[in-house]
file upload-v3.txt (compact mmCIF, C-alpha atoms and all ligand atoms)
# COMPACT_ATOMS: atom_id res chain seq x y z
CA MET D 1325 -37.42 2.62 20.32
CA VAL D 1326 -35.32 0.12 22.22
CA PRO D 1327 -35.25 0.97 25.94
CA THR D 1328 -31.75 1.75 27.17
CA SER D 1329 -30.47 -0.66 29.75
CA ALA D 1330 -27.51 -0.82 32.09
CA CYS D 1331 -26.78 -4.36 30.90
CA ALA D 1332 -23.55 -4.26 28.91
CA SER D 1333 -24.45 -7.24 26.73
CA LEU D 1334 -27.27 -5.24 25.16
CA ILE D 1335 -24.83 -2.74 23.66
CA MET D 1336 -24.96 -3.24 19.95
CA ILE D 1337 -21.84 -2.95 17.86
CA LYS D 1338 -21.87 -3.20 14.09
CA TYR D 1339 -18.80 -3.36 11.93
CA CYS D 1340 -17.92 -2.35 8.36
CA PHE D 1341 -15.35 -4.68 6.79
CA ARG D 1342 -14.48 -2.13 4.16
CA CYS D 1343 -13.96 0.98 6.30
CA LYS D 1344 -12.82 -1.00 9.38
CA LYS D 1345 -15.16 1.11 11.46
CA ILE D 1346 -17.60 0.29 14.21
CA TYR D 1347 -21.04 1.75 14.71
CA ASP D 1348 -23.75 1.51 17.33
CA THR D 1349 -26.44 2.34 14.84
CA GLU D 1350 -29.85 0.91 14.09
CA ASN D 1351 -28.86 1.06 10.43
CA ASN D 1352 -27.64 -2.05 8.65
CA ILE D 1353 -25.61 -0.11 6.11
CA CYS D 1354 -22.32 1.74 6.56
CA SER D 1355 -22.91 5.50 6.46
CA GLU D 1356 -19.58 6.02 4.69
CA CYS D 1357 -19.38 3.35 2.00
CA GLY D 1358 -22.85 1.83 1.88
CA LYS D 1359 -21.68 -1.73 2.58
CA LYS D 1360 -23.78 -4.01 4.75
CA LEU D 1361 -22.66 -3.92 8.38
CA VAL D 1362 -21.65 -7.07 10.26
CA GLU D 1363 -23.74 -7.55 13.41
CA HIS D 1364 -21.54 -9.74 15.59
CA PRO D 1365 -17.97 -8.86 14.60
CA ALA D 1366 -15.15 -11.08 15.87
CA GLY D 1367 -12.81 -9.73 18.55
CA GLU D 1368 -9.91 -9.97 16.11
CA SER D 1369 -11.55 -7.66 13.55
CA PRO D 1370 -9.21 -4.73 12.82
CA VAL D 1371 -10.76 -1.39 13.79
CA ALA D 1372 -9.51 2.01 12.63
CA ILE D 1373 -9.15 3.88 15.91
CA ILE D 1374 -7.26 7.04 14.95
CA THR D 1375 -5.86 8.77 11.88
CA THR D 1376 -2.52 10.40 12.47
CA GLY D 1377 0.94 10.89 11.02
CA GLY D 1378 4.55 11.80 11.65
CA PHE D 1379 5.84 11.88 15.23
CA GLU D 1380 2.32 11.63 16.61
CA LEU D 1381 1.92 8.29 14.83
CA GLU D 1382 5.05 6.91 16.48
CA ARG D 1383 3.95 8.25 19.86
CA VAL D 1384 0.49 6.67 19.57
CA LYS D 1385 1.94 3.35 18.35
CA ALA D 1386 4.46 3.23 21.21
CA ALA D 1387 1.76 3.99 23.80
CA LEU D 1388 -0.51 1.23 22.47
CA GLU D 1389 2.32 -1.30 22.28
CA ASP D 1390 3.39 -0.43 25.83
CA GLU D 1391 -0.10 -1.42 26.96
CA GLY D 1392 0.13 -4.72 25.08
CA ILE D 1393 -2.34 -3.69 22.39
CA PRO D 1394 -1.30 -5.05 18.99
CA CYS D 1395 -1.63 -2.39 16.33
CA SER D 1396 -1.03 -2.13 12.62
CA VAL D 1397 -0.66 0.96 10.47
CA GLN D 1398 -2.38 1.48 7.16
CA GLU D 1399 -1.87 4.43 4.86
CA ALA D 1400 -5.02 6.49 4.56
CA ARG D 1401 -6.35 6.51 1.03
CA GLY D 1402 -8.22 9.25 -0.75
CA ASN D 1403 -6.58 12.17 1.03
CA VAL D 1404 -3.86 12.93 -1.49
CA ASN D 1405 -4.86 16.59 -1.52
CA MET D 1406 -4.57 16.78 2.24
CA LYS D 1407 -1.07 15.34 2.04
CA ILE D 1408 0.00 18.03 -0.40
CA LEU D 1409 -1.66 20.76 1.68
CA ASN D 1410 0.01 19.63 4.89
CA ASN D 1411 3.44 18.14 4.62
CA ALA D 1412 4.46 15.44 2.16
CA ASP D 1413 6.34 13.58 4.90
CA ASN D 1414 3.42 13.80 7.26
CA GLY D 1415 1.25 11.37 5.30
CA GLU D 1416 -1.78 10.47 7.33
CA ASN D 1417 -1.98 6.89 8.48
CA ILE D 1418 -4.75 4.89 10.06
CA ILE D 1419 -3.91 2.95 13.19
CA MET D 1420 -5.77 -0.36 13.44
CA ILE D 1421 -6.32 -2.28 16.65
CA PRO D 1422 -8.31 -5.48 17.32
CA LEU D 1423 -11.96 -4.79 18.15
CA ALA D 1424 -11.62 -6.57 21.50
CA ALA D 1425 -8.95 -4.04 22.55
CA TYR D 1426 -11.01 -1.00 21.50
CA ASN D 1427 -12.09 0.24 24.95
CA HIS D 1428 -8.61 -0.21 26.36
CA ALA D 1429 -7.03 1.53 23.34
CA CYS D 1430 -9.41 4.52 23.71
CA ASP D 1431 -8.42 4.85 27.37
CA VAL D 1432 -4.75 4.80 26.37
CA LEU D 1433 -5.24 7.40 23.62
CA ILE D 1434 -7.24 9.69 25.92
CA GLY D 1435 -4.54 9.18 28.56
CA ILE D 1436 -1.78 10.45 26.24
CA GLY D 1437 -3.95 13.24 24.86
CA ALA D 1438 -4.15 11.81 21.33
CA MET D 1439 -7.93 11.49 21.58
CA LYS D 1440 -10.48 13.70 23.28
CA PRO D 1441 -12.80 12.00 25.78
CA GLN D 1442 -15.82 13.25 23.79
CA ASP D 1443 -14.51 11.47 20.66
CA ASN D 1444 -14.89 8.13 22.38
CA THR D 1445 -18.59 7.64 21.79
CA LEU D 1446 -18.63 3.85 21.51
CA THR D 1447 -18.20 1.12 24.06
CA VAL D 1448 -17.45 -2.38 22.84
CA PRO D 1449 -19.39 -5.01 24.83
CA ASP D 1450 -17.39 -7.25 27.17
CA ASP D 1451 -18.47 -10.40 25.35
CA ILE D 1452 -16.41 -9.45 22.30
CA LYS D 1453 -13.13 -11.22 22.97
CA ILE D 1454 -10.21 -12.56 21.01
CA GLU D 1455 -10.84 -16.28 20.62
CA ASN D 1456 -8.28 -19.09 20.42
CA THR D 1457 -6.74 -18.54 23.83
CA ASP D 1458 -6.09 -21.64 25.97
CA GLU D 1459 -8.14 -20.35 28.91
CA GLU D 1460 -11.30 -20.41 26.85
CA MET D 1461 -10.86 -24.04 25.77
CA SER D 1462 -13.05 -26.58 27.49
CA PRO D 1463 -11.19 -29.58 29.07
CA ARG D 1464 -12.71 -31.89 26.48
CA LYS D 1465 -11.56 -29.70 23.60
CA ARG D 1466 -8.12 -29.35 25.19
CA PHE D 1467 -7.88 -33.17 25.41
CA TRP D 1468 -8.65 -33.61 21.72
CA VAL D 1469 -6.24 -30.83 20.73
CA ARG D 1470 -3.51 -32.55 22.78
CA ALA D 1471 -4.37 -36.03 21.44
CA GLY D 1472 -4.34 -34.60 17.93
CA SER D 1473 -0.95 -32.98 18.41
CA ILE D 1474 0.50 -36.27 19.75
CA VAL D 1475 -0.78 -38.17 16.69
CA LEU D 1476 0.61 -35.42 14.46
CA PHE D 1477 3.98 -35.66 16.22
CA ILE D 1478 4.10 -39.46 15.68
CA ILE D 1479 3.27 -38.99 11.98
CA VAL D 1480 6.00 -36.34 11.62
CA VAL D 1481 8.57 -38.61 13.34
CA TRP D 1482 7.51 -41.55 11.20
CA LEU D 1483 7.79 -39.41 8.04
CA ALA D 1484 11.24 -38.22 9.10
CA ILE D 1485 12.42 -41.82 9.69
CA THR D 1486 10.96 -42.98 6.37
CA ALA D 1487 12.52 -40.03 4.55
CA THR D 1488 15.91 -40.83 6.14
CA ASP D 1489 15.58 -44.52 5.14
CA ILE D 1490 14.78 -43.54 1.57
CA GLY D 1491 17.69 -41.09 1.61
CA ILE D 1492 20.12 -43.78 2.86
CA PHE D 1493 18.76 -46.24 0.28
CA LEU D 1494 19.26 -43.72 -2.52
CA VAL D 1495 22.78 -42.82 -1.38
CA LYS D 1496 23.71 -46.51 -1.16
CA LYS D 1497 22.29 -47.14 -4.61
CA LEU D 1498 24.21 -44.13 -5.97
CA PHE D 1499 27.54 -45.37 -4.61
CA ALA D 1500 26.84 -49.02 -5.53
CA SER D 1501 26.40 -48.24 -9.21
ZN ZN X 1601 -17.98 1.29 5.30
call {"tool": "encode", "arguments": {"input": "upload-v3.txt", "output": "C-alpha cells", "more": "lines below"}}
Ligand SMILES: [Zn+2]
result
Amino acid sequence: MVPTSACASLIMIKYCFRCKKIYDTENNICSECGKKLVEHPAGESPVAIITTGGFELERVKAALEDEGIPCSVQEARGNVNMKILNNADNGENIIMIPLAAYNHACDVLIGIGAMKPQDNTLTVPDDIKIENTDEEMSPRKRFWVRAGSIVLFIIVVWLAITATDIGIFLVKKLFAS
C-alpha cells in the first residue's frame, strides 16, 4: 500500500479518453469501458462532471459559465430507455468541463445544490493546469514567439504586396490586349 500523504502532488488522477472520466485508482484500466487509463492527463482534457437535462441543465451551465468555467454539453448515449421512461424532452446530457477546472466546478455545483458534497470524491492535483497561457511562458520562449510572429508578419506583408503587384500586372495585361 502507498502511504497517504498530505502532499497534494502525490494525488494520482487517471483519465479515460473514451468515457471522459477521472479516477484515483490503482488500476490501469477503466472500470466502465476497459480502455487503458491515461496517467498524466492534460489540464484541457474534457471531463464529464454531471449528467443532467432540461431546466437543470441550463441552470448548471449558467452557474459554471458565471464562474468562468468553460463547459460543453454532450448527449448521453445508451440511455434511450431512460429517455422514454422519463420525459422525451428531458433527454439526459453530460456536461463536460476541462480537467483543470474540476475542483472549482465541483464547488460551484455543490454550491447550487446540483451535486451532493459526498459525490465529490476526487480532488485534481494543483499541478494539472491549462497550458498555453502567456504567464507560463519563459522570457526566452516569449522572445522567440515574438520574433517568429514579426517574421511571419513581414512574410504576410510581402505576400500581400506581391499578390497586389501580380494583380495589377494581370489587370494591365487584360486591358492592354
Ligand atoms: Zn472508460
call {"tool": "residues_near_ligand", "arguments": {"input": "upload-v3.txt", "ligand": "ligand ZN 1601 (chain X)", "cutoff": "8 Å", "atoms": "all atoms listed in the file", "output": "list in words"}}
result
Cys1340, Phe1341, Arg1342, Cys1343, Lys1344, Lys1345, Ile1353, Cys1354, Ser1355, Glu1356, Cys1357, Gly1358, Lys1359, Lys1360 and Leu1361 of chain D
call {"tool": "closest_residue", "arguments": {"input": "upload-v3.txt", "among": "D:Asp1450, D:Asp1489, D:Asp1390, D:Glu1363", "to": "Asn1351 (chain D)", "atoms": "all atoms listed in the file"}}
result
D:Glu1363
call {"tool": "atom_distance", "arguments": {"input": "upload-v3.txt", "atom1": "CA of Glu1368 (chain D)", "atom2": "CA of Asn1444 (chain D)"}}
result
19.8 Å
call {"tool": "closest_residue", "arguments": {"input": "upload-v3.txt", "among": "D:Thr1376, D:Asn1417, D:Gly1472, D:Ala1386", "to": "Glu1399 (chain D)", "atoms": "all atoms listed in the file"}}
result
D:Asn1417
call {"tool": "atom_distance", "arguments": {"input": "upload-v3.txt", "atom1": "CA of Asp1451 (chain D)", "atom2": "CA of Ala1387 (chain D)"}}
result
24.9 Å
call {"tool": "atom_distance", "arguments": {"input": "upload-v3.txt", "atom1": "CA of Thr1349 (chain D)", "atom2": "CA of Asp1431 (chain D)"}}
result
22.1 Å
